[in-house]
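Colleague: This is the content of input16.cif (mmCIF, C-alpha atoms):
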```
data_final
loop_
_atom_site.label_atom_id
_atom_site.label_comp_id
_atom_site.auth_asym_id
_atom_site.auth_seq_id
_atom_site.Cartn_x
_atom_site.Cartn_y
_atom_site.Cartn_z
CA MET A 1 0.00 0.00 0.00
CA GLU A 2 1.34 3.38 -0.95
CA LEU A 3 2.20 5.92 1.69
CA ARG A 4 -0.46 8.39 0.60
CA GLU A 5 -3.09 5.64 0.49
CA ARG A 6 -2.14 4.67 4.03
CA GLU A 7 -2.50 8.28 5.10
CA TRP A 8 -5.93 8.58 3.46
CA LEU A 9 -6.93 5.35 5.15
CA GLN A 10 -5.86 6.61 8.57
CA ARG A 11 -7.79 9.86 8.09
CA ALA A 12 -10.85 8.07 6.69
CA ARG A 13 -10.90 5.77 9.70
CA LYS A 14 -11.20 8.87 11.88
CA GLY A 15 -14.23 10.02 9.92
CA ASP A 16 -12.62 12.19 7.23
CA ALA A 17 -14.97 11.83 4.26
CA ASP A 18 -12.63 13.72 1.92
CA ALA A 19 -9.84 11.23 2.59
CA PHE A 20 -12.30 8.41 1.94
CA GLY A 21 -13.18 10.17 -1.30
CA MET A 22 -9.54 9.83 -2.37
CA LEU A 23 -9.70 6.11 -1.65
CA VAL A 24 -12.90 5.88 -3.68
CA THR A 25 -11.19 7.64 -6.60
CA LEU A 26 -8.27 5.24 -6.36
CA HIS A 27 -10.32 2.04 -6.38
CA GLU A 28 -13.71 2.79 -7.91
CA ARG A 29 -12.86 1.84 -11.48
CA PHE A 30 -11.47 -1.56 -10.52
CA VAL A 31 -14.33 -2.23 -8.13
CA TYR A 32 -16.84 -1.22 -10.79
CA ASN A 33 -15.23 -3.51 -13.36
CA LEU A 34 -15.22 -6.39 -10.89
CA ALA A 35 -18.94 -5.88 -10.23
CA LEU A 36 -19.68 -5.39 -13.91
CA ARG A 37 -17.94 -8.59 -14.94
CA THR A 38 -19.51 -10.52 -12.11
CA LEU A 39 -23.07 -9.25 -12.52
CA GLY A 40 -23.07 -8.58 -16.25
CA ASN A 41 -25.06 -5.34 -16.31
CA THR A 42 -24.23 -1.75 -15.54
CA GLU A 43 -27.24 -0.92 -13.35
CA ASP A 44 -26.61 -3.75 -10.90
CA ALA A 45 -22.88 -3.06 -10.96
CA GLN A 46 -23.43 0.61 -10.08
CA ASP A 47 -25.81 -0.29 -7.24
CA VAL A 48 -23.35 -2.79 -5.82
CA VAL A 49 -20.40 -0.40 -6.09
CA GLN A 50 -22.31 2.39 -4.37
CA ASP A 51 -23.55 0.07 -1.65
CA GLY A 52 -20.09 -1.47 -1.28
CA PHE A 53 -18.34 1.85 -0.74
CA VAL A 54 -20.96 3.01 1.77
CA ARG A 55 -20.60 -0.25 3.69
CA ALA A 56 -16.83 0.08 3.59
CA TRP A 57 -17.13 3.63 4.96
CA MET A 58 -19.31 2.43 7.81
CA ALA A 59 -17.12 -0.56 8.61
CA LEU A 60 -13.86 1.39 8.27
CA PRO A 61 -13.39 2.14 11.99
CA GLY A 62 -13.27 -1.62 12.56
CA PHE A 63 -10.82 -2.30 9.72
CA ARG A 64 -7.75 -3.79 11.38
CA GLU A 65 -5.32 -3.56 8.46
CA ASP A 66 -4.43 -7.25 8.70
CA SER A 67 -5.23 -7.37 5.01
CA GLU A 68 -4.85 -4.75 2.31
CA PHE A 69 -7.60 -2.19 2.03
CA ARG A 70 -8.12 -3.18 -1.60
CA THR A 71 -8.65 -6.86 -0.73
CA TRP A 72 -10.98 -5.92 2.11
CA LEU A 73 -12.98 -3.65 -0.21
CA TYR A 74 -13.19 -6.36 -2.87
CA ARG A 75 -14.49 -8.79 -0.26
CA ILE A 76 -17.31 -6.41 0.63
CA VAL A 77 -18.24 -5.85 -3.01
CA LEU A 78 -17.91 -9.52 -3.91
CA ASN A 79 -20.21 -10.51 -1.04
CA LEU A 80 -22.77 -8.04 -2.31
CA CYS A 81 -22.44 -9.54 -5.80
CA LEU A 82 -22.88 -13.05 -4.37
CA ASN A 83 -25.98 -11.95 -2.45
CA ARG A 84 -27.44 -10.51 -5.63
CA PHE A 85 -26.42 -13.46 -7.74
CA PRO A 86 -26.72 -16.64 -5.60
CA ARG A 87 -26.04 -18.90 -8.57
CA LEU A 88 -22.46 -17.65 -8.59
CA ARG A 89 -22.00 -18.92 -5.04
CA ARG A 90 -23.14 -22.39 -6.11
CA ASP A 91 -20.99 -22.17 -9.21
CA LEU A 92 -17.95 -21.35 -7.09
CA ALA A 93 -18.71 -24.18 -4.69
CA ALA A 94 -18.93 -26.56 -7.65
CA LEU A 95 -15.36 -25.62 -8.62
CA SER A 96 -14.14 -27.43 -5.52
CA ASP A 97 -15.47 -30.70 -6.85
CA GLU A 98 -13.48 -30.51 -10.04
CA GLU A 99 -10.09 -32.13 -10.31
CA LEU A 100 -7.18 -30.71 -12.20
CA ALA A 101 -6.36 -34.22 -13.42
CA ASP A 102 -9.53 -34.21 -15.50
CA SER A 103 -8.46 -31.13 -17.38
CA PRO A 104 -7.72 -31.53 -21.06
CA GLU A 105 -4.21 -31.05 -22.35
CA PRO A 106 -3.46 -27.68 -23.91
CA ALA A 107 -4.20 -27.51 -27.61
CA SER A 108 -1.23 -28.47 -29.75
CA HIS A 109 -1.45 -25.30 -31.81
CA ALA A 110 -1.61 -23.12 -28.76
CA THR A 111 1.26 -20.90 -29.86
CA ASP A 112 -0.53 -20.03 -33.12
CA VAL A 113 -3.69 -19.19 -31.25
CA LEU A 114 -1.87 -17.02 -28.80
CA SER A 115 0.20 -15.21 -31.37
CA MET A 116 -2.95 -13.99 -33.07
CA LEU A 117 -3.94 -12.16 -29.91
CA GLU A 118 -1.83 -9.27 -31.05
CA ALA A 119 -4.44 -8.20 -33.57
CA ASP A 120 -7.17 -5.86 -32.35
CA GLU A 121 -9.93 -8.04 -33.70
CA SER A 122 -8.52 -11.00 -31.81
CA ARG A 123 -8.40 -9.00 -28.63
CA ARG A 124 -12.05 -8.17 -29.06
CA SER A 125 -12.80 -11.82 -29.59
CA LEU A 126 -10.91 -12.61 -26.39
CA GLN A 127 -13.06 -10.08 -24.57
CA ARG A 128 -16.16 -11.74 -26.00
CA GLU A 129 -14.94 -15.18 -24.95
CA ILE A 130 -14.23 -13.93 -21.43
CA SER A 131 -17.83 -12.76 -21.19
CA ARG A 132 -18.95 -16.25 -22.24
CA LEU A 133 -16.98 -18.00 -19.51
CA PRO A 134 -18.97 -19.55 -16.66
CA GLU A 135 -19.50 -16.93 -13.96
CA SER A 136 -17.11 -18.49 -11.48
CA GLN A 137 -14.28 -18.72 -14.01
CA ARG A 138 -14.96 -15.20 -15.25
CA LEU A 139 -14.71 -13.97 -11.68
CA LEU A 140 -11.40 -15.77 -11.12
CA VAL A 141 -9.98 -14.40 -14.38
CA THR A 142 -11.07 -10.89 -13.44
CA LEU A 143 -9.55 -11.08 -9.98
CA ARG A 144 -6.32 -12.57 -11.26
CA TYR A 145 -5.61 -10.62 -14.43
CA GLN A 146 -7.63 -7.43 -14.14
CA ASP A 147 -7.20 -6.78 -10.45
CA GLU A 148 -3.85 -8.57 -10.33
CA LEU A 149 -4.52 -10.32 -7.04
CA SER A 150 -2.33 -13.21 -5.95
CA TYR A 151 -3.70 -16.76 -5.89
CA GLU A 152 -3.69 -16.58 -2.09
CA GLU A 153 -5.66 -13.34 -2.06
CA ILE A 154 -8.21 -14.78 -4.49
CA ALA A 155 -8.55 -17.95 -2.42
CA SER A 156 -9.17 -15.87 0.66
CA LEU A 157 -11.66 -13.64 -1.15
CA VAL A 158 -13.79 -16.36 -2.65
CA ASN A 159 -13.30 -18.68 0.31
CA LEU A 160 -11.95 -21.57 -1.73
CA PRO A 161 -8.83 -23.72 -1.34
CA LEU A 162 -5.77 -22.46 -3.16
CA GLY A 163 -5.69 -25.54 -5.39
CA THR A 164 -9.28 -24.98 -6.45
CA VAL A 165 -8.51 -21.42 -7.47
CA LYS A 166 -5.56 -22.59 -9.55
CA THR A 167 -7.69 -25.31 -11.12
CA GLY A 168 -10.45 -22.85 -11.92
CA LEU A 169 -8.02 -20.46 -13.57
CA PHE A 170 -6.37 -23.26 -15.51
CA ARG A 171 -9.75 -24.39 -16.80
CA ALA A 172 -10.72 -20.84 -17.71
CA LYS A 173 -7.55 -20.37 -19.72
CA GLU A 174 -8.04 -23.71 -21.44
CA ARG A 175 -11.57 -22.77 -22.36
CA LEU A 176 -10.38 -19.44 -23.73
CA ARG A 177 -7.61 -21.10 -25.69
CA GLN A 178 -10.02 -23.57 -27.26
CA ALA A 179 -12.55 -20.87 -28.07
CA LEU A 180 -9.85 -18.77 -29.70
CA SER A 181 -8.56 -21.68 -31.76
CA VAL A 182 -12.11 -22.23 -33.06
CA TYR A 183 -12.27 -18.53 -33.86
CA GLN A 184 -8.94 -18.76 -35.69
CA GLU A 185 -10.13 -21.71 -37.77
CA GLN A 186 -13.21 -19.76 -38.76
CA GLN A 187 -11.01 -16.86 -39.87
CA ILE A 188 -8.99 -19.19 -42.12
CA MET B 1 1.02 -27.53 -18.69
CA LYS B 2 3.61 -25.45 -20.46
CA ILE B 3 3.78 -22.16 -18.68
CA ASP B 4 5.63 -20.38 -21.48
CA GLU B 5 2.78 -21.15 -23.85
CA LEU B 6 0.30 -19.50 -21.52
CA ASP B 7 2.20 -16.26 -21.15
CA PRO B 8 0.78 -14.51 -24.25
CA LEU B 9 -2.74 -15.39 -23.16
CA GLU B 10 -2.04 -14.11 -19.68
CA ASP B 11 -0.58 -10.92 -21.11
CA ALA B 12 -3.64 -10.47 -23.28
CA LEU B 13 -5.90 -11.06 -20.29
CA ARG B 14 -3.98 -8.46 -18.30
CA ASP B 15 -4.25 -5.97 -21.14
CA GLN B 16 -8.01 -6.24 -21.39
CA PRO B 17 -9.36 -2.68 -21.23
CA LEU B 18 -11.31 -1.61 -18.17
CA ALA B 19 -14.83 -0.36 -18.68
CA GLU B 20 -15.22 3.37 -18.16
CA LEU B 21 -16.84 4.48 -14.95
CA PRO B 22 -20.44 5.64 -15.51
CA PRO B 23 -20.69 9.44 -15.22
CA GLY B 24 -21.90 10.62 -11.84
CA LEU B 25 -21.13 7.39 -10.00
CA HIS B 26 -18.36 8.94 -7.92
CA ARG B 27 -20.61 11.87 -6.99
CA ARG B 28 -23.44 9.51 -6.00
CA ILE B 29 -21.11 7.39 -3.88
CA MET B 30 -19.70 10.41 -2.07
CA SER B 31 -23.05 12.06 -1.44
CA GLN B 32 -24.25 8.78 0.09
CA VAL B 33 -21.08 8.51 2.14
CA ARG B 34 -21.45 12.06 3.47
CA LEU B 35 -25.01 11.28 4.52
CA THR B 36 -23.90 8.16 6.40
CA ARG B 37 -22.37 8.51 9.81
CA GLN B 38 -19.59 6.12 10.79
CA PRO B 39 -20.41 4.11 13.90
CA LEU B 40 -18.13 4.72 16.84
CA ARG B 41 -15.32 2.35 17.56
CA PHE B 42 -15.32 0.73 20.99
CA GLN B 43 -13.28 3.03 23.17
CA ILE B 44 -13.03 3.89 26.84
CA ARG B 45 -13.39 7.56 27.67
CA TRP B 46 -12.97 9.47 30.93
CA ILE B 47 -16.70 9.32 31.61
CA ASP B 48 -16.62 5.50 31.52
CA LEU B 49 -13.82 5.48 34.07
CA ALA B 50 -15.60 8.04 36.24
CA VAL B 51 -18.89 6.10 36.22
CA SER B 52 -17.22 2.77 37.00
CA LEU B 53 -15.11 4.38 39.73
CA PHE B 54 -18.26 5.86 41.28
CA PHE B 55 -20.14 2.55 41.33
CA GLY B 56 -17.04 0.65 42.43
CA LEU B 57 -16.49 3.01 45.35
CA ILE B 58 -20.05 2.74 46.70
CA PRO B 59 -19.50 -0.54 48.67
CA VAL B 60 -16.15 0.74 49.94
CA LEU B 61 -17.70 4.01 51.14
CA VAL B 62 -20.62 2.18 52.79
CA ALA B 63 -18.25 -0.20 54.60
CA PHE B 64 -15.93 2.65 55.61
CA GLY B 65 -18.87 4.80 56.76
CA TRP B 66 -20.28 1.96 58.82
CA LYS B 67 -16.93 1.30 60.48
CA SER B 68 -16.29 4.95 61.25
CA LEU B 69 -19.69 5.61 62.81
CA PRO B 70 -19.55 6.65 66.53
CA ARG B 71 -20.49 3.82 68.87
CA GLU B 72 -23.70 5.60 69.92
CA ALA B 73 -24.84 6.11 66.35
CA GLY B 74 -24.26 2.42 65.63
CA LEU B 75 -26.32 1.46 68.67
CA TYR B 76 -29.11 3.83 67.61
CA LEU B 77 -29.16 2.36 64.13
CA ASN B 78 -29.28 -1.18 65.55
CA TYR B 79 -32.09 -0.17 67.86
CA TYR B 80 -34.20 1.40 65.12
CA TRP B 81 -33.52 -1.56 62.84
CA MET B 82 -34.89 -3.92 65.52
CA VAL B 83 -37.92 -1.63 66.03
CA PHE B 84 -38.48 -1.60 62.28
CA GLN B 85 -38.31 -5.40 62.15
CA SER B 86 -40.74 -5.74 65.04
CA MET B 87 -43.27 -3.58 63.15
CA ASN B 88 -43.60 -6.33 60.56
CA LEU B 89 -43.04 -3.97 57.63
CA GLU B 90 -40.87 -6.42 55.72
CA PRO B 91 -43.03 -6.37 52.53
CA LEU B 92 -42.62 -2.60 52.44
CA LEU B 93 -38.87 -3.06 52.69
CA TRP B 94 -38.84 -5.44 49.72
CA ILE B 95 -40.95 -3.06 47.67
CA GLY B 96 -38.45 -0.31 48.44
CA ILE B 97 -35.53 -2.53 47.43
CA LEU B 98 -37.24 -3.48 44.17
CA ALA B 99 -38.07 0.14 43.38
CA GLY B 100 -34.47 1.09 44.07
CA LEU B 101 -33.16 -1.62 41.77
CA LEU B 102 -35.58 -0.58 39.04
CA SER B 103 -34.48 3.05 39.34
CA LEU B 104 -30.84 2.00 39.17
CA ALA B 105 -31.50 -0.08 36.04
CA LEU B 106 -33.31 2.84 34.38
CA MET B 107 -30.51 5.21 35.29
CA PHE B 108 -27.96 2.77 33.93
CA ALA B 109 -29.89 2.39 30.66
CA ALA B 110 -30.19 6.16 30.28
CA ALA B 111 -26.49 6.67 30.98
CA LEU B 112 -25.60 3.93 28.47
CA ARG B 113 -27.79 5.52 25.79
CA LEU B 114 -26.16 8.85 26.41
CA LEU B 115 -22.67 7.38 26.22
CA LEU B 116 -23.33 5.39 23.06
CA GLN B 117 -24.85 8.31 21.21
CA PRO B 118 -22.37 9.29 18.47
CA PRO B 119 -21.14 12.86 18.67
CA LEU B 120 -22.04 15.30 15.93
CA ARG B 121 -19.30 15.57 13.35
CA SER B 122 -18.49 18.90 11.83
CA GLU B 123 -18.10 18.64 8.06
#
```
Take the structure in this file and express it as structure tokens.
Modeller:
Amino acid sequence: MELREREWLQRARKGDADAFGMLVTLHERFVYNLALRTLGNTEDAQDVVQDGFVRAWMALPGFREDSEFRTWLYRIVLNLCLNRFPRLRRDLAALSDEELADSPEPASHATDVLSMLEADESRRSLQREISRLPESQRLLVTLRYQDELSYEEIASLVNLPLGTVKTGLFRAKERLRQALSVYQEQQI
Amino acid sequence: MKIDELDPLEDALRDQPLAELPPGLHRRIMSQVRLTRQPLRFQIRWIDLAVSLFFGLIPVLVAFGWKSLPREAGLYLNYYWMVFQSMNLEPLLWIGILAGLLSLALMFAAALRLLLQPPLRSE
């Protein structure tokens, strides 16, 4: 955590709404994108983000700084998303039952598929494929690559074993790779 | 799993553009935040110490007062206590004790409400 963020946090914990406003500015875009990818529509995402920040503000005096503010904030917002979207909770729980051993091997022409990601059109197709991922995998991908959380932080956030998080991400990437290879074949 | 093969995909995933924040969201969040008062953290203030000291000292003061009474006063008190008992007014005594306890409980509740009331913040 940066020094200035720590200072804003200290002031916000004492009731300084302006300092909290700086924290909101720092994190709102990432929080909004997390909610948007999880819930899939802008209205719900905005509601959850607004509610999440207000709850964070109210709970801030009790924040003990044993985790990063960002992770703590994500947990609040993610819980609100899970409350609004109970299927995601079941979907996440189902990830635990999957075994990495069952996962298919990476496609043999993976390098070709991945090299095409440099083109803009391919990037758009990747974005489209991400939106088609199962909710739980989309959430893991968002937390890992958009919010750049560690595996441990993700496991703690979604309350899943570390191995399950890794399995879920592996499966998500495999699914994306396969979808992109199909897309590439269609282009040829 | 060949990690090096996954790197371009991971890079592409990291480079996915973030959606723009809807206009007015920040303002809405902050206006809601400014309307919401933070609950107080648990903390001990001088008034808590003063109140607990007061109640804690009551038995000590009663015991000390009883011990330091002049012998005659003690005898008088004992005498009137025996007279009181002989008048068979024990139910009245219990009613008094109950009323006292009830008053104490009400006072305690009122004091607690006053102490837990969050102070006004100047913004």
Colleague: Could you tell me which residues of chain B sit within 7 Å of chain A when counting all atoms listed in the file, and give me the result as an MDAnalysis selection string?
Modeller: chainID B and resid 1 5 8:9 12:14 18:19 21 29:30 32:34 38:39 41
Colleague: Just how far from CA of Leu112 in chain B is CA of Arg45 in chain B, in Å to one decimal?
Modeller: 12.8 Å
Colleague: Around the point (-2.1, -16.9, -5.2) in the file's coordinates, collect all residues with an atom within 12 Å, using all atoms listed in the file, and return them as an MDAnalysis selection string.
Modeller: chainID A and resid 140 143:145 148:158 160:167 169
Colleague: Could you give me the axis-aligned bounding box of range 31-50 of chain A, with 6 Å of padding per side, as centre plus edge lengths in Å to one decimal, as JSON?
Modeller:
```
{"center_x": -20.8, "center_y": -4.1, "center_z": -10.3, "size_x": 24.9, "size_y": 24.9, "size_z": 23.9}
```
Colleague: If I take CA of Ala19 in chain A and CA of Glu5 in chain A, how far is one from the other in Å, to one decimal?
Modeller: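 Between these atoms lies a distance of 9.0 Å.
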Colleague: Tell me which protein, DNA and RNA residues are within 8 Å of Glu135 in chain A, counting all atoms listed in the file, leaving out same-chain ones fewer than 6 positions away, and put them as a list in words.
Modeller: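 In the requested form, the answer reads Thr38, Leu88 and Asp91 of chain A.
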Colleague: Applied to this file, what does the PyMOL selection byres ((chain A and resi 67-71) around 8) return in terms of residues, put as number ranges by chain?
Modeller: A: 1, 27, 64-66, 72-75, 153, 157
Colleague: Could you jot down the CA of Glu2 in chain A to CA of Met22 in chain A separation for me, Å, one decimal place?
Modeller: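 Taking CA of Glu2 in chain A as the start and CA of Met22 in chain A as the end point, the length is 12.7 Å.
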Colleague: For Arg84 in chain A, which of A:Ala35, A:Ala179, A:Leu3, A:Leu26 is the closest residue, counting all atoms listed in the file?
Modeller: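 Of A:Ala35, A:Ala179, A:Leu3, A:Leu26, the one nearest Arg84 in chain A, counting all atoms listed in the file, is A:Ala35.
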Colleague: Excluding same-chain residues fewer than 5 positions from Phe108 in chain B, what lies within 12 Å of it counting only C-alpha atoms, as a VMD selection string?
Modeller: chain B and resid 48 51 to 52 55 101 to 103 113 to 115
Colleague: Provide range 15-30 of chain B rebuilt to N, CA and C atoms, formatted as a PDB file, in the frame of the given file.
Modeller:
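result_36.pdb, freshly written:
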```pdb
ATOM      1  N   ASP B  15      -4.099  -7.208 -20.355  1.00  0.00           N
ATOM      2  CA  ASP B  15      -4.250  -5.970 -21.140  1.00  0.00           C
ATOM      3  C   ASP B  15      -5.693  -5.673 -21.523  1.00  0.00           C
ATOM      4  N   GLN B  16      -6.606  -6.505 -21.062  1.00  0.00           N
ATOM      5  CA  GLN B  16      -8.010  -6.240 -21.390  1.00  0.00           C
ATOM      6  C   GLN B  16      -8.402  -4.866 -20.863  1.00  0.00           C
ATOM      7  N   PRO B  17      -9.041  -4.044 -21.690  1.00  0.00           N
ATOM      8  CA  PRO B  17      -9.360  -2.680 -21.230  1.00  0.00           C
ATOM      9  C   PRO B  17     -10.436  -2.701 -20.132  1.00  0.00           C
ATOM     10  N   LEU B  18     -10.295  -1.755 -19.225  1.00  0.00           N
ATOM     11  CA  LEU B  18     -11.310  -1.610 -18.170  1.00  0.00           C
ATOM     12  C   LEU B  18     -12.475  -0.794 -18.708  1.00  0.00           C
ATOM     13  N   ALA B  19     -13.659  -1.154 -18.284  1.00  0.00           N
ATOM     14  CA  ALA B  19     -14.830  -0.360 -18.680  1.00  0.00           C
ATOM     15  C   ALA B  19     -14.758   1.013 -18.002  1.00  0.00           C
ATOM     16  N   GLU B  20     -15.215   2.022 -18.731  1.00  0.00           N
ATOM     17  CA  GLU B  20     -15.220   3.370 -18.160  1.00  0.00           C
ATOM     18  C   GLU B  20     -16.248   3.457 -17.022  1.00  0.00           C
ATOM     19  N   LEU B  21     -15.920   4.289 -16.070  1.00  0.00           N
ATOM     20  CA  LEU B  21     -16.840   4.480 -14.950  1.00  0.00           C
ATOM     21  C   LEU B  21     -18.054   5.280 -15.420  1.00  0.00           C
ATOM     22  N   PRO B  22     -19.263   4.859 -15.087  1.00  0.00           N
ATOM     23  CA  PRO B  22     -20.440   5.640 -15.510  1.00  0.00           C
ATOM     24  C   PRO B  22     -20.370   7.058 -14.939  1.00  0.00           C
ATOM     25  N   PRO B  23     -20.760   8.055 -15.715  1.00  0.00           N
ATOM     26  CA  PRO B  23     -20.690   9.440 -15.220  1.00  0.00           C
ATOM     27  C   PRO B  23     -21.601   9.622 -14.003  1.00  0.00           C
ATOM     28  N   GLY B  24     -21.081  10.317 -13.026  1.00  0.00           N
ATOM     29  CA  GLY B  24     -21.900  10.620 -11.840  1.00  0.00           C
ATOM     30  C   GLY B  24     -21.814   9.568 -10.751  1.00  0.00           C
ATOM     31  N   LEU B  25     -21.167   8.446 -11.034  1.00  0.00           N
ATOM     32  CA  LEU B  25     -21.130   7.390 -10.000  1.00  0.00           C
ATOM     33  C   LEU B  25     -20.332   7.854  -8.774  1.00  0.00           C
ATOM     34  N   HIS B  26     -19.187   8.477  -9.035  1.00  0.00           N
ATOM     35  CA  HIS B  26     -18.360   8.940  -7.920  1.00  0.00           C
ATOM     36  C   HIS B  26     -19.142   9.940  -7.045  1.00  0.00           C
ATOM     37  N   ARG B  27     -19.844  10.857  -7.730  1.00  0.00           N
ATOM     38  CA  ARG B  27     -20.610  11.870  -6.990  1.00  0.00           C
ATOM     39  C   ARG B  27     -21.702  11.194  -6.139  1.00  0.00           C
ATOM     40  N   ARG B  28     -22.366  10.203  -6.742  1.00  0.00           N
ATOM     41  CA  ARG B  28     -23.440   9.510  -6.000  1.00  0.00           C
ATOM     42  C   ARG B  28     -22.871   8.763  -4.787  1.00  0.00           C
ATOM     43  N   ILE B  29     -21.732   8.118  -4.991  1.00  0.00           N
ATOM     44  CA  ILE B  29     -21.110   7.390  -3.880  1.00  0.00           C
ATOM     45  C   ILE B  29     -20.791   8.356  -2.744  1.00  0.00           C
ATOM     46  N   MET B  30     -20.156   9.488  -3.112  1.00  0.00           N
ATOM     47  CA  MET B  30     -19.700  10.410  -2.070  1.00  0.00           C
ATOM     48  C   MET B  30     -20.858  11.118  -1.362  1.00  0.00           C
TER      49      MET B  30
END
```
